[in-house]
>>> print(open('data28.tsv').read())   # TSV, C-alpha atoms (C1' of nucleotides)
chain	number	residue	atom	x	y	z
P	8	MET	CA	-33.01	5.82	8.33
P	9	SER	CA	-34.86	2.88	6.91
P	10	LEU	CA	-34.71	0.14	9.53
P	11	LYS	CA	-37.60	1.96	11.13
P	12	HIS	CA	-39.58	1.65	7.93
P	13	LEU	CA	-38.66	-1.95	7.40
P	14	ILE	CA	-39.97	-2.76	10.85
P	15	LEU	CA	-43.13	-0.80	10.12
P	16	ALA	CA	-43.48	-2.82	6.93
P	17	VAL	CA	-43.21	-6.09	8.85
P	18	VAL	CA	-45.68	-5.20	11.60
P	19	GLY	CA	-47.88	-3.72	8.90
P	20	THR	CA	-48.23	-7.18	7.40
P	21	ARG	CA	-48.83	-9.05	10.65
P	22	PRO	CA	-48.42	-8.60	14.42
P	23	ALA	CA	-44.92	-9.62	15.47
P	24	THR	CA	-42.51	-9.62	18.41
P	25	GLY	CA	-39.03	-8.14	18.31
P	26	TYR	CA	-37.62	-11.61	18.49
P	27	GLU	CA	-39.54	-12.79	15.43
P	28	ILE	CA	-38.54	-9.73	13.42
P	29	THR	CA	-34.89	-10.25	14.30
P	30	LYS	CA	-35.06	-13.89	13.28
P	31	GLU	CA	-36.63	-12.98	9.97
P	32	PHE	CA	-33.85	-10.48	9.31
P	33	ASP	CA	-31.19	-13.02	10.25
P	34	GLU	CA	-32.61	-15.58	7.88
P	35	VAL	CA	-32.65	-13.27	4.90
P	36	ALA	CA	-29.44	-11.52	5.97
P	37	GLY	CA	-27.69	-9.80	3.11
P	38	PHE	CA	-30.57	-10.46	0.79
P	39	TYR	CA	-32.32	-7.24	1.53
P	40	TRP	CA	-31.32	-6.00	4.97
P	41	ARG	CA	-29.69	-7.00	8.20
P	42	ALA	CA	-30.05	-5.87	11.79
P	43	THR	CA	-29.14	-7.13	15.22
P	44	HIS	CA	-31.76	-7.79	17.87
P	45	GLN	CA	-30.68	-4.71	19.81
P	46	GLN	CA	-31.37	-2.48	16.85
P	47	VAL	CA	-34.79	-4.04	16.42
P	48	TYR	CA	-35.78	-3.75	20.08
P	49	ARG	CA	-34.53	-0.20	20.20
P	50	GLU	CA	-36.48	0.79	17.12
P	51	LEU	CA	-39.64	-0.91	18.33
P	52	ALA	CA	-39.41	1.03	21.58
P	53	ALA	CA	-38.93	4.27	19.64
P	54	LEU	CA	-41.82	3.47	17.29
P	55	ALA	CA	-44.09	2.71	20.24
P	56	GLU	CA	-43.00	5.94	21.88
P	57	ALA	CA	-43.92	7.81	18.71
P	58	GLY	CA	-47.29	6.09	18.53
P	59	LEU	CA	-46.59	4.35	15.21
P	60	VAL	CA	-46.96	0.89	16.74
P	61	ARG	CA	-48.57	-0.45	19.90
P	62	PHE	CA	-47.88	-3.64	21.82
P	63	LYS	CA	-49.60	-6.12	24.07
P	64	GLU	CA	-47.62	-8.04	26.64
P	65	VAL	CA	-48.37	-11.75	26.36
P	66	GLU	CA	-47.52	-14.15	29.15
P	67	GLN	CA	-46.19	-17.53	28.13
P	68	GLN	CA	-45.52	-20.76	29.97
P	69	GLY	CA	-41.97	-22.07	29.94
P	70	LYS	CA	-40.82	-19.06	27.94
P	71	PRO	CA	-40.20	-15.42	28.78
P	72	ASP	CA	-43.13	-13.08	28.33
P	73	LYS	CA	-43.25	-11.37	24.98
P	74	LYS	CA	-44.49	-8.13	23.48
P	75	VAL	CA	-46.58	-8.48	20.36
P	76	TYR	CA	-46.41	-5.33	18.26
P	77	THR	CA	-49.11	-4.11	15.88
P	78	ILE	CA	-49.05	-1.11	13.56
P	79	THR	CA	-51.35	1.83	14.32
P	80	ALA	CA	-53.27	3.98	11.85
P	81	LYS	CA	-50.67	6.69	12.42
P	82	GLY	CA	-47.95	4.15	11.65
P	83	ARG	CA	-49.62	3.20	8.39
P	84	ARG	CA	-49.85	6.83	7.36
P	85	ALA	CA	-46.19	7.45	8.25
P	86	PHE	CA	-45.16	4.42	6.26
P	87	ALA	CA	-47.19	5.40	3.20
P	88	ASP	CA	-45.73	8.92	3.34
P	89	TRP	CA	-42.20	7.57	3.46
P	90	PHE	CA	-43.00	5.14	0.65
P	91	ARG	CA	-43.94	7.97	-1.70
P	92	GLU	CA	-40.82	10.00	-1.05
P	93	PRO	CA	-38.19	9.80	-3.78
P	94	PRO	CA	-36.05	6.71	-3.14
P	95	GLU	CA	-32.85	7.22	-1.16
P	96	ALA	CA	-29.69	6.20	-2.95
P	97	PRO	CA	-28.56	2.70	-2.03
P	98	ARG	CA	-25.33	2.57	-0.10
P	99	HIS	CA	-22.56	0.26	-0.92
P	100	ALA	CA	-19.23	0.47	0.76
P	101	ASP	CA	-16.78	-2.23	-0.18
P	102	PRO	CA	-13.51	-2.28	1.77
P	103	LEU	CA	-12.01	-4.42	-0.98
P	104	MET	CA	-12.01	-1.33	-3.17
P	105	ILE	CA	-9.71	0.38	-0.70
P	106	LYS	CA	-7.36	-2.54	-1.05
P	107	PHE	CA	-7.39	-2.15	-4.82
P	108	PHE	CA	-6.81	1.54	-4.44
P	109	ALA	CA	-3.80	1.00	-2.21
P	110	ALA	CA	-2.37	-2.31	-3.40
P	111	GLU	CA	0.82	-0.62	-4.58
P	112	LEU	CA	1.71	0.11	-0.97
P	113	VAL	CA	1.43	-3.50	0.13
P	114	GLY	CA	1.89	-5.71	-2.90
P	115	ILE	CA	-0.05	-7.26	-5.75
P	116	GLU	CA	0.46	-10.74	-4.32
P	117	ASP	CA	-1.52	-9.85	-1.21
P	118	LEU	CA	-4.21	-8.24	-3.32
P	119	ARG	CA	-4.62	-11.46	-5.32
P	120	ALA	CA	-5.10	-13.37	-2.07
P	121	GLN	CA	-7.71	-10.86	-0.91
P	122	LEU	CA	-9.57	-11.07	-4.18
P	123	ALA	CA	-9.59	-14.87	-4.10
P	124	LEU	CA	-11.02	-14.86	-0.59
P	125	ALA	CA	-13.68	-12.33	-1.47
P	126	ARG	CA	-14.60	-14.36	-4.54
P	127	GLU	CA	-15.22	-17.42	-2.37
P	128	ARG	CA	-17.49	-15.39	-0.10
P	129	HIS	CA	-19.50	-14.00	-2.98
P	130	ALA	CA	-19.75	-17.41	-4.64
P	131	ALA	CA	-21.06	-18.88	-1.38
P	132	LEU	CA	-23.63	-16.09	-1.05
P	133	LEU	CA	-24.78	-16.62	-4.63
P	134	ALA	CA	-25.12	-20.35	-4.00
P	135	THR	CA	-27.31	-19.60	-0.98
P	136	PHE	CA	-29.53	-17.28	-2.99
P	137	GLU	CA	-29.81	-19.79	-5.83
P	138	ALA	CA	-30.71	-22.53	-3.39
P	139	ILE	CA	-33.51	-20.37	-1.98
P	140	GLU	CA	-34.69	-19.64	-5.49
P	141	ALA	CA	-34.71	-23.33	-6.46
P	142	LYS	CA	-36.49	-24.34	-3.28
P	143	TYR	CA	-39.12	-21.65	-2.81
P	144	TYR	CA	-39.51	-19.94	-6.17
P	145	ALA	CA	-39.50	-22.83	-8.61
P	146	GLU	CA	-42.78	-22.01	-10.36
P	147	PRO	CA	-43.03	-19.43	-13.17
P	148	VAL	CA	-43.21	-15.84	-11.92
P	149	ASP	CA	-46.63	-15.10	-13.41
P	150	GLU	CA	-48.12	-17.93	-11.40
P	151	MET	CA	-46.94	-16.51	-8.09
P	152	PRO	CA	-49.32	-14.48	-5.93
P	153	ARG	CA	-48.46	-10.81	-6.05
P	154	TRP	CA	-46.80	-10.60	-2.63
P	155	LYS	CA	-44.55	-13.50	-3.59
P	156	LYS	CA	-43.55	-11.87	-6.87
P	157	LEU	CA	-42.38	-8.82	-4.97
P	158	ILE	CA	-40.27	-10.78	-2.49
P	159	TYR	CA	-38.94	-12.87	-5.34
P	160	LEU	CA	-37.76	-9.72	-7.11
P	161	THR	CA	-35.74	-8.70	-4.07
P	162	LEU	CA	-34.08	-12.11	-4.19
P	163	ARG	CA	-33.49	-11.64	-7.91
P	164	LEU	CA	-31.63	-8.43	-7.18
P	165	GLY	CA	-29.35	-10.32	-4.81
P	166	ILE	CA	-28.69	-12.99	-7.43
P	167	THR	CA	-28.11	-10.47	-10.21
P	168	ARG	CA	-25.80	-8.46	-8.01
P	169	GLU	CA	-23.69	-11.42	-6.94
P	170	ARG	CA	-23.39	-12.76	-10.49
P	171	ALA	CA	-22.25	-9.35	-11.65
P	172	TRP	CA	-19.72	-9.19	-8.84
P	173	LEU	CA	-18.31	-12.57	-9.84
P	174	ARG	CA	-18.02	-11.52	-13.47
P	175	TRP	CA	-16.10	-8.47	-12.32
P	176	ALA	CA	-13.86	-10.66	-10.15
P	177	GLU	CA	-12.98	-12.87	-13.12
P	178	GLU	CA	-12.12	-9.84	-15.19
P	179	SER	CA	-9.99	-8.50	-12.33
P	180	GLU	CA	-8.20	-11.77	-11.79
P	181	ARG	CA	-7.25	-11.82	-15.45
P	182	VAL	CA	-5.85	-8.32	-15.20
P	183	LEU	CA	-3.96	-9.08	-11.97
P	184	ARG	CA	-2.49	-12.26	-13.44
P	185	ALA	CA	-1.13	-10.24	-16.32
P	186	CYS	CA	0.54	-7.83	-13.86
P	187	GLU	CA	4.34	-7.66	-13.46
M	8	MET	CA	-14.29	1.00	9.99
M	9	SER	CA	-12.54	1.54	6.73
M	10	LEU	CA	-12.57	5.29	6.19
M	11	LYS	CA	-9.54	5.34	8.45
M	12	HIS	CA	-7.77	2.92	6.14
M	13	LEU	CA	-8.81	4.73	3.02
M	14	ILE	CA	-7.29	7.91	4.40
M	15	LEU	CA	-4.13	6.02	5.35
M	16	ALA	CA	-4.03	4.70	1.79
M	17	VAL	CA	-4.23	8.20	0.37
M	18	VAL	CA	-1.59	9.76	2.60
M	19	GLY	CA	0.49	6.62	2.03
M	20	THR	CA	0.66	7.52	-1.65
M	21	ARG	CA	1.43	11.19	-1.20
M	22	PRO	CA	1.28	13.92	1.45
M	23	ALA	CA	-2.16	15.52	1.46
M	24	THR	CA	-4.37	17.94	3.35
M	25	GLY	CA	-7.82	17.11	4.66
M	26	TYR	CA	-9.29	19.40	2.08
M	27	GLU	CA	-7.57	17.61	-0.80
M	28	ILE	CA	-8.66	14.21	0.49
M	29	THR	CA	-12.25	15.38	0.81
M	30	LYS	CA	-12.20	16.75	-2.71
M	31	GLU	CA	-10.84	13.49	-4.06
M	32	PHE	CA	-13.64	11.61	-2.31
M	33	ASP	CA	-16.25	14.01	-3.63
M	34	GLU	CA	-15.02	13.61	-7.18
M	35	VAL	CA	-15.18	9.84	-7.13
M	36	ALA	CA	-18.29	9.79	-4.90
M	37	GLY	CA	-20.22	6.58	-5.19
M	38	PHE	CA	-17.53	4.99	-7.27
M	39	TYR	CA	-15.70	3.53	-4.34
M	40	TRP	CA	-16.40	5.56	-1.22
M	41	ARG	CA	-17.82	8.79	0.05
M	42	ALA	CA	-17.16	10.96	3.05
M	43	THR	CA	-17.86	14.49	4.16
M	44	HIS	CA	-15.10	16.90	5.08
M	45	GLN	CA	-16.00	16.61	8.76
M	46	GLN	CA	-15.45	12.88	8.73
M	47	VAL	CA	-12.11	13.34	7.04
M	48	TYR	CA	-10.90	16.03	9.45
M	49	ARG	CA	-12.06	14.02	12.42
M	50	GLU	CA	-10.28	10.88	11.21
M	51	LEU	CA	-7.10	12.76	10.41
M	52	ALA	CA	-7.05	14.18	13.93
M	53	ALA	CA	-7.59	10.69	15.37
M	54	LEU	CA	-4.90	9.18	13.15
M	55	ALA	CA	-2.44	11.88	14.18
M	56	GLU	CA	-3.36	11.28	17.83
M	57	ALA	CA	-2.63	7.57	17.34
M	58	GLY	CA	0.70	8.33	15.67
M	59	LEU	CA	-0.26	6.80	12.33
M	60	VAL	CA	0.14	10.08	10.47
M	61	ARG	CA	1.93	13.34	11.22
M	62	PHE	CA	1.33	16.82	9.88
M	63	LYS	CA	3.14	20.05	9.17
M	64	GLU	CA	1.30	23.35	9.29
M	65	VAL	CA	1.98	25.30	6.13
M	66	GLU	CA	1.27	29.02	5.89
M	67	GLN	CA	-0.13	30.28	2.63
M	68	GLN	CA	-0.69	33.71	1.15
M	69	GLY	CA	-4.23	34.62	0.22
M	70	LYS	CA	-5.50	31.28	1.50
M	71	PRO	CA	-6.03	29.81	4.95
M	72	ASP	CA	-3.13	27.91	6.48
M	73	LYS	CA	-3.21	24.21	5.84
M	74	LYS	CA	-2.02	21.02	7.48
M	75	VAL	CA	-0.15	18.65	5.22
M	76	TYR	CA	-0.41	15.08	6.47
M	77	THR	CA	2.15	12.34	5.87
M	78	ILE	CA	2.00	8.68	6.83
M	79	THR	CA	4.41	7.42	9.53
M	80	ALA	CA	6.20	4.06	9.66
M	81	LYS	CA	3.68	2.97	12.27
M	82	GLY	CA	0.89	4.01	9.95
M	83	ARG	CA	2.33	1.94	7.11
M	84	ARG	CA	2.52	-1.10	9.35
M	85	ALA	CA	-1.03	-0.63	10.60
M	86	PHE	CA	-2.25	-0.32	7.04
M	87	ALA	CA	-0.39	-3.41	5.86
M	88	ASP	CA	-1.76	-5.41	8.81
M	89	TRP	CA	-5.30	-4.36	7.98
M	90	PHE	CA	-4.73	-5.12	4.31
M	91	ARG	CA	-3.87	-8.73	5.05
M	92	GLU	CA	-6.89	-9.35	7.25
M	93	PRO	CA	-9.69	-11.31	5.57
M	94	PRO	CA	-11.86	-8.84	3.64
M	95	GLU	CA	-14.92	-7.49	5.42
M	96	ALA	CA	-18.20	-8.19	3.71
M	97	PRO	CA	-19.36	-5.27	1.59
M	98	ARG	CA	-22.46	-3.58	2.88
M	99	HIS	CA	-25.34	-2.74	0.70
M	100	ALA	CA	-28.55	-1.44	2.07
M	101	ASP	CA	-31.14	-0.47	-0.50
M	102	PRO	CA	-34.28	1.20	0.82
M	103	LEU	CA	-36.00	0.36	-2.46
M	104	MET	CA	-36.02	-3.28	-1.33
M	105	ILE	CA	-38.11	-2.28	1.65
M	106	LYS	CA	-40.57	-0.72	-0.73
M	107	PHE	CA	-40.74	-3.95	-2.72
M	108	PHE	CA	-41.18	-5.88	0.48
M	109	ALA	CA	-44.08	-3.70	1.57
M	110	ALA	CA	-45.68	-2.59	-1.67
M	111	GLU	CA	-48.87	-4.50	-0.84
M	112	LEU	CA	-49.51	-2.05	1.99
M	113	VAL	CA	-49.30	1.01	-0.22
M	114	GLY	CA	-50.00	-0.01	-3.79
M	115	ILE	CA	-48.28	-1.38	-6.87
M	116	GLU	CA	-48.82	1.88	-8.72
M	117	ASP	CA	-46.65	3.76	-6.25
M	118	LEU	CA	-44.02	1.03	-6.42
M	119	ARG	CA	-43.83	1.40	-10.20
M	120	ALA	CA	-43.24	5.12	-9.78
M	121	GLN	CA	-40.48	4.44	-7.24
M	122	LEU	CA	-38.80	1.93	-9.51
M	123	ALA	CA	-38.91	4.30	-12.47
M	124	LEU	CA	-37.29	7.05	-10.41
M	125	ALA	CA	-34.60	4.73	-9.10
M	126	ARG	CA	-33.90	3.50	-12.63
M	127	GLU	CA	-33.27	7.08	-13.76
M	128	ARG	CA	-30.81	7.57	-10.94
M	129	HIS	CA	-28.92	4.39	-11.68
M	130	ALA	CA	-28.86	5.15	-15.40
M	131	ALA	CA	-27.40	8.58	-14.67
M	132	LEU	CA	-24.73	7.08	-12.41
M	133	LEU	CA	-23.81	4.53	-15.08
M	134	ALA	CA	-23.55	7.30	-17.65
M	135	THR	CA	-21.16	9.17	-15.35
M	136	PHE	CA	-19.00	6.10	-14.89
M	137	GLU	CA	-18.96	5.36	-18.59
M	138	ALA	CA	-18.01	8.95	-19.35
M	139	ILE	CA	-15.06	8.66	-16.95
M	140	GLU	CA	-14.06	5.40	-18.59
M	141	ALA	CA	-14.21	6.88	-22.08
M	142	LYS	CA	-12.28	9.97	-21.06
M	143	TYR	CA	-9.53	8.62	-18.80
M	144	TYR	CA	-9.29	4.91	-19.52
M	145	ALA	CA	-9.54	4.75	-23.29
M	146	GLU	CA	-6.34	2.77	-23.89
M	147	PRO	CA	-6.17	-1.06	-23.59
M	148	VAL	CA	-5.81	-2.26	-20.00
M	149	ASP	CA	-2.47	-3.99	-20.50
M	150	GLU	CA	-0.94	-0.69	-21.61
M	151	MET	CA	-1.89	1.07	-18.40
M	152	PRO	CA	0.67	1.47	-15.62
M	153	ARG	CA	-0.09	-0.83	-12.74
M	154	TRP	CA	-1.53	1.78	-10.39
M	155	LYS	CA	-3.92	2.86	-13.14
M	156	LYS	CA	-5.07	-0.70	-13.79
M	157	LEU	CA	-6.03	-1.01	-10.15
M	158	ILE	CA	-8.04	2.20	-10.08
M	159	TYR	CA	-9.61	1.26	-13.38
M	160	LEU	CA	-10.81	-2.02	-11.90
M	161	THR	CA	-12.61	-0.18	-9.09
M	162	LEU	CA	-14.36	1.87	-11.79
M	163	ARG	CA	-15.16	-1.36	-13.65
M	164	LEU	CA	-16.89	-2.68	-10.55
M	165	GLY	CA	-19.06	0.41	-10.45
M	166	ILE	CA	-19.97	-0.01	-14.12
M	167	THR	CA	-20.63	-3.75	-13.80
M	168	ARG	CA	-22.79	-3.16	-10.73
M	169	GLU	CA	-24.89	-0.43	-12.30
M	170	ARG	CA	-25.44	-2.42	-15.50
M	171	ALA	CA	-26.54	-5.40	-13.43
M	172	TRP	CA	-28.90	-3.19	-11.46
M	173	LEU	CA	-30.45	-1.87	-14.66
M	174	ARG	CA	-30.94	-5.39	-16.03
M	175	TRP	CA	-32.69	-6.27	-12.78
M	176	ALA	CA	-34.85	-3.16	-13.06
M	177	GLU	CA	-35.98	-4.14	-16.56
M	178	GLU	CA	-36.87	-7.61	-15.36
M	179	SER	CA	-38.79	-6.09	-12.45
M	180	GLU	CA	-40.64	-3.61	-14.61
M	181	ARG	CA	-41.81	-6.45	-16.83
M	182	VAL	CA	-43.08	-8.34	-13.80
M	183	LEU	CA	-44.79	-5.27	-12.34
M	184	ARG	CA	-46.44	-4.45	-15.66
M	185	ALA	CA	-47.94	-7.93	-15.72
M	186	CYS	CA	-49.35	-7.40	-12.21
M	187	GLU	CA	-53.09	-7.08	-11.49
W	21	DA	C1'	-20.58	46.96	-5.91
W	22	DG	C1'	-22.51	42.75	-4.84
W	23	DG	C1'	-23.13	37.93	-4.88
W	24	DA	C1'	-21.54	33.35	-5.55
W	25	DC	C1'	-18.11	30.25	-5.01
W	26	DC	C1'	-13.31	28.47	-3.66
W	27	DT	C1'	-9.76	27.30	-0.19
W	28	DA	C1'	-9.17	25.43	4.46
W	29	DT	C1'	-10.23	23.97	9.06
W	30	DG	C1'	-13.02	23.06	12.79
W	31	DC	C1'	-16.91	22.69	16.66
W	32	DT	C1'	-21.35	20.93	18.35
W	33	DA	C1'	-25.10	18.05	18.26
W	34	DC	C1'	-27.58	14.39	16.81
W	35	DA	C1'	-28.86	10.07	14.29
W	36	DA	C1'	-27.73	5.48	13.18
W	37	DG	C1'	-25.46	1.31	13.74
W	38	DG	C1'	-22.74	-2.21	16.35
W	39	DT	C1'	-20.47	-4.83	20.49
W	40	DG	C1'	-20.70	-6.69	24.82
W	41	DC	C1'	-23.05	-7.95	28.69
W	42	DA	C1'	-27.08	-9.39	31.66
W	43	DT	C1'	-31.20	-12.02	32.81
W	44	DA	C1'	-33.67	-16.44	33.10
W	45	DG	C1'	-36.22	-20.53	32.49
W	46	DG	C1'	-36.77	-24.47	29.04
W	47	DT	C1'	-35.17	-28.10	25.81
W	48	DG	C1'	-32.23	-31.63	24.03
W	49	DG	C1'	-28.07	-34.14	23.64
W	50	DT	C1'	-23.84	-36.86	25.77
S	14	DA	C1'	-25.03	-33.92	35.68
S	15	DC	C1'	-23.51	-30.72	32.51
S	16	DC	C1'	-23.22	-28.15	28.35
S	17	DA	C1'	-25.07	-26.01	24.53
S	18	DC	C1'	-28.67	-23.79	22.50
S	19	DC	C1'	-33.41	-21.54	22.19
S	20	DT	C1'	-36.79	-17.99	23.53
S	21	DA	C1'	-37.20	-13.16	24.83
S	22	DT	C1'	-35.98	-8.59	26.24
S	23	DG	C1'	-33.09	-5.03	27.43
S	24	DC	C1'	-29.03	-1.54	29.12
S	25	DA	C1'	-24.62	0.85	28.48
S	26	DC	C1'	-21.20	2.21	25.70
S	27	DC	C1'	-18.72	3.23	21.53
S	28	DT	C1'	-18.10	4.20	16.60
S	29	DT	C1'	-19.62	6.10	12.36
S	30	DG	C1'	-22.13	9.25	9.63
S	31	DT	C1'	-24.82	13.58	8.83
S	32	DA	C1'	-26.26	18.54	9.42
S	33	DG	C1'	-25.65	22.99	10.74
S	34	DC	C1'	-22.84	26.68	11.83
S	35	DA	C1'	-18.49	29.56	12.11
S	36	DT	C1'	-14.35	31.81	10.29
S	37	DA	C1'	-12.00	34.44	6.70
S	38	DG	C1'	-9.57	36.05	2.83
S	39	DG	C1'	-9.48	35.40	-2.35
S	40	DT	C1'	-11.30	34.95	-7.09
S	41	DC	C1'	-14.60	35.49	-10.68
S	42	DC	C1'	-18.71	36.94	-12.87
S	43	DT	C1'	-22.47	40.33	-13.70
>>> encode(input="data28.tsv", output="structure tokens")
Amino acid sequence: MSLKHLILAVVGTRPATGYEITKEFDEVAGFYWRATHQQVYRELAALAEAGLVRFKEVEQQGKPDKKVYTITAKGRRAFADWFREPPEAPRHADPLMIKFFAAELVGIEDLRAQLALARERHAALLATFEAIEAKYYAEPVDEMPRWKKLIYLTLRLGITRERAWLRWAEESERVLRACE
Amino acid sequence: MSLKHLILAVVGTRPATGYEITKEFDEVAGFYWRATHQQVYRELAALAEAGLVRFKEVEQQGKPDKKVYTITAKGRRAFADWFREPPEAPRHADPLMIKFFAAELVGIEDLRAQLALARERHAALLATFEAIEAKYYAEPVDEMPRWKKLIYLTLRLGITRERAWLRWAEESERVLRACE
DNA sequence: AGGACCTATGCTACAAGGTGCATAGGTGGT
DNA sequence: ACCACCTATGCACCTTGTAGCATAGGTCCT
């Protein structure tokens, strides 16, 4: 799986606690990955067990103690090895497609309602992405530092994907309107 | 999950064996869903257990016996109820995004190689989709029977998505070329 | 004659992902 | 005073997905 590698990537950039990593994933949810805090804590424990990260327990006042994780040399090697493997196919599973597939059994009217709802969701997600772009990535790409370019490109994929989805939805709504 | 509902959708259209359902999924793999035969058999057993489908064992000559599954009234109701629920968000998890996120740790050169490989894969998938479109969906949409329109639209989503991905990849390759 | 592949179902085991619950003090608002 | 939320970690359980193996006759090619 890849959550493991995403976590390695994060602690490879800077020391971090499970809580911080989870928050980061929540904030960019849907934009490149998502994970619950349990998944993150579980993975961190497994990575520590495997010697790919290590942690220091840090006492805090007024807050629970925390574990700050750092990548190890072995972790860096493991990450670089994974990086150079041929890319895994992306997964997309869209339950709406099942509804298209089986709309005859239930009714076109209900499918139209489903599509309209899904379109709202995708439009809202696109608006979020565009707001992030306008706020944090306003300057021309070639003026960004390299690390920022790379993150920006992941955001661009989200934007491109959502725009494409919305174009498809318009096409589909036209076809469904012409039905029956 | 939705595999359950996809299987209900299939046996709602016509009686089918686990083997046939698996083959159908294999043939349209990536285009709207994918599943291994073990998942299908396991789900069918669970659906039968829950009374949403029933099966008849059919003896065959020269071939193993098979179980032909049919949807029950309860299964139809369960499917219709699920259909009318608000659509679940589609999931897309692309490990390539992790590589973008962490390319600084490994090197831009390796990222370029990864992107080039991924672009080949996506281009091949698009070509497959377009070949299916040219072969089976050559006539104008409004002349298709309704069930065919619906399936065609799921194919259209695949095509739209892959084209969008390739546009993004071109944009990204330009940016990466300008790096360093 | 032998090998590869097709039809057809299934078990076991494991990996990955997700839900719910628990703990526990601190902060900020009404 | 109370409620809601934040920081911070974790266990137990359940579902979903993947991999390997097993069975067993039939077809098709070389």
>>> residues_around(input="data28.tsv", residues="S:DG33", least_positions_apart="6", cutoff="12 Å", atoms="all atoms listed in the file", output="PyMOL selection string")
(chain M and resi 45) or (chain W and resi 31-34)
>>> residues_around(input="data28.tsv", residues="M:Phe32", least_positions_apart="4", cutoff="8 Å", atoms="all atoms listed in the file", output="JSON, numbers by chain")
{"M": [28, 36, 40, 41, 42]}
>>> closest_atom_pairs(input="data28.tsv", of="chain M", to="chain W", cutoff="12 Å", atoms="all atoms listed in the file", output="Markdown table")
| residue | atom | partner | partner_atom | distance |
| --- | --- | --- | --- | --- |
| M:Met8 | CA | W:DG38 | C1' | 11.1 |
| M:Thr24 | CA | W:DA28 | C1' | 9.0 |
| M:Gly25 | CA | W:DA28 | C1' | 8.4 |
| M:Tyr26 | CA | W:DA28 | C1' | 6.5 |
| M:Glu27 | CA | W:DA28 | C1' | 9.6 |
| M:Ile28 | CA | W:DA28 | C1' | 11.9 |
| M:Thr29 | CA | W:DA28 | C1' | 11.1 |
| M:Lys30 | CA | W:DT27 | C1' | 11.1 |
| M:His44 | CA | W:DT29 | C1' | 9.5 |
| M:Gln45 | CA | W:DG30 | C1' | 8.2 |
| M:Gln46 | CA | W:DG30 | C1' | 11.2 |
| M:Val47 | CA | W:DT29 | C1' | 11.0 |
| M:Tyr48 | CA | W:DT29 | C1' | 8.0 |
| M:Arg49 | CA | W:DG30 | C1' | 9.1 |
| M:Leu51 | CA | W:DT29 | C1' | 11.7 |
| M:Ala52 | CA | W:DG30 | C1' | 10.8 |
| M:Glu64 | CA | W:DT29 | C1' | 11.5 |
| M:Val65 | CA | W:DA28 | C1' | 11.3 |
| M:Glu66 | CA | W:DA28 | C1' | 11.1 |
| M:Gln67 | CA | W:DA28 | C1' | 10.4 |
| M:Gln68 | CA | W:DT27 | C1' | 11.2 |
| M:Gly69 | CA | W:DT27 | C1' | 9.2 |
| M:Lys70 | CA | W:DT27 | C1' | 6.1 |
| M:Pro71 | CA | W:DA28 | C1' | 5.4 |
| M:Asp72 | CA | W:DA28 | C1' | 6.8 |
| M:Lys73 | CA | W:DA28 | C1' | 6.2 |
| M:Lys74 | CA | W:DT29 | C1' | 8.9 |
| M:Val75 | CA | W:DA28 | C1' | 11.3 |
>>> residues_around(input="data28.tsv", residues="P:Leu59", least_positions_apart="3", cutoff="8 Å", atoms="only C-alpha atoms (C1' of nucleotides)", output="ChimeraX atom specification")
/P:54-56,78-83,85
>>> closest_residue(input="data28.tsv", among="P:Ala57, P:Lys142, P:Val35, P:Leu160", to="chain M", atoms="all atoms listed in the file")
P:Leu160
>>> closest_atom_pairs(input="data28.tsv", of="chain P", to="chain M", cutoff="8 Å", atoms="only C-alpha atoms", output="tab-separated table")
residue	atom	partner	partner_atom	distance
P:Ser9	CA	M:Pro102	CA	6.3
P:His12	CA	M:Ile105	CA	7.6
P:Leu13	CA	M:Ile105	CA	5.8
P:Ala16	CA	M:Ala109	CA	5.5
P:Val17	CA	M:Ala109	CA	7.7
P:Gly19	CA	M:Leu112	CA	7.3
P:Thr20	CA	M:Leu112	CA	7.6
P:Gly37	CA	M:His99	CA	7.8
P:Tyr39	CA	M:Met104	CA	6.1
P:Trp40	CA	M:Ala100	CA	6.1
P:Ala87	CA	M:Val113	CA	6.0
P:Phe90	CA	M:Lys106	CA	6.5
P:Arg91	CA	M:Asp117	CA	6.8
P:Pro93	CA	M:Gln121	CA	6.8
P:Pro94	CA	M:Leu103	CA	6.4
P:Glu95	CA	M:Pro102	CA	6.5
P:Ala96	CA	M:Asp101	CA	7.3
P:Pro97	CA	M:Asp101	CA	4.4
P:Arg98	CA	M:His99	CA	5.4
P:His99	CA	M:His99	CA	4.4
P:Ala100	CA	M:Arg98	CA	5.6
P:Asp101	CA	M:Pro97	CA	4.4
P:Pro102	CA	M:Ser9	CA	6.3
P:Leu103	CA	M:Pro94	CA	6.4
P:Met104	CA	M:Thr161	CA	6.1
P:Ile105	CA	M:Leu13	CA	5.8
P:Lys106	CA	M:Phe90	CA	6.5
P:Phe107	CA	M:Leu157	CA	5.6
P:Phe108	CA	M:Ile158	CA	5.8
P:Ala109	CA	M:Ala16	CA	5.5
P:Ala110	CA	M:Leu157	CA	7.8
P:Glu111	CA	M:Trp154	CA	6.7
P:Leu112	CA	M:Gly19	CA	7.3
P:Val113	CA	M:Ala87	CA	6.0
P:Asp117	CA	M:Arg91	CA	6.8
P:Gln121	CA	M:Pro94	CA	6.5
P:Leu124	CA	M:Pro93	CA	7.2
P:Ala125	CA	M:Pro94	CA	6.5
P:Val148	CA	M:Val182	CA	7.7
P:Asp149	CA	M:Val182	CA	7.6
P:Arg153	CA	M:Cys186	CA	7.1
P:Trp154	CA	M:Glu111	CA	6.7
P:Lys156	CA	M:Val182	CA	7.8
P:Leu157	CA	M:Phe107	CA	5.6
P:Ile158	CA	M:Phe108	CA	5.8
P:Leu160	CA	M:Ser179	CA	6.5
P:Thr161	CA	M:Met104	CA	6.1
P:Arg163	CA	M:Trp175	CA	7.3
P:Leu164	CA	M:Trp175	CA	6.1
P:Thr167	CA	M:Ala171	CA	6.2
P:Arg168	CA	M:Ala171	CA	6.3
P:Ala171	CA	M:Ala171	CA	6.1
P:Trp172	CA	M:Arg168	CA	7.0
P:Trp175	CA	M:Leu164	CA	6.1
P:Ser179	CA	M:Leu160	CA	6.5
P:Val182	CA	M:Asp149	CA	7.6
P:Ala185	CA	M:Asp149	CA	7.6
P:Cys186	CA	M:Arg153	CA	7.1
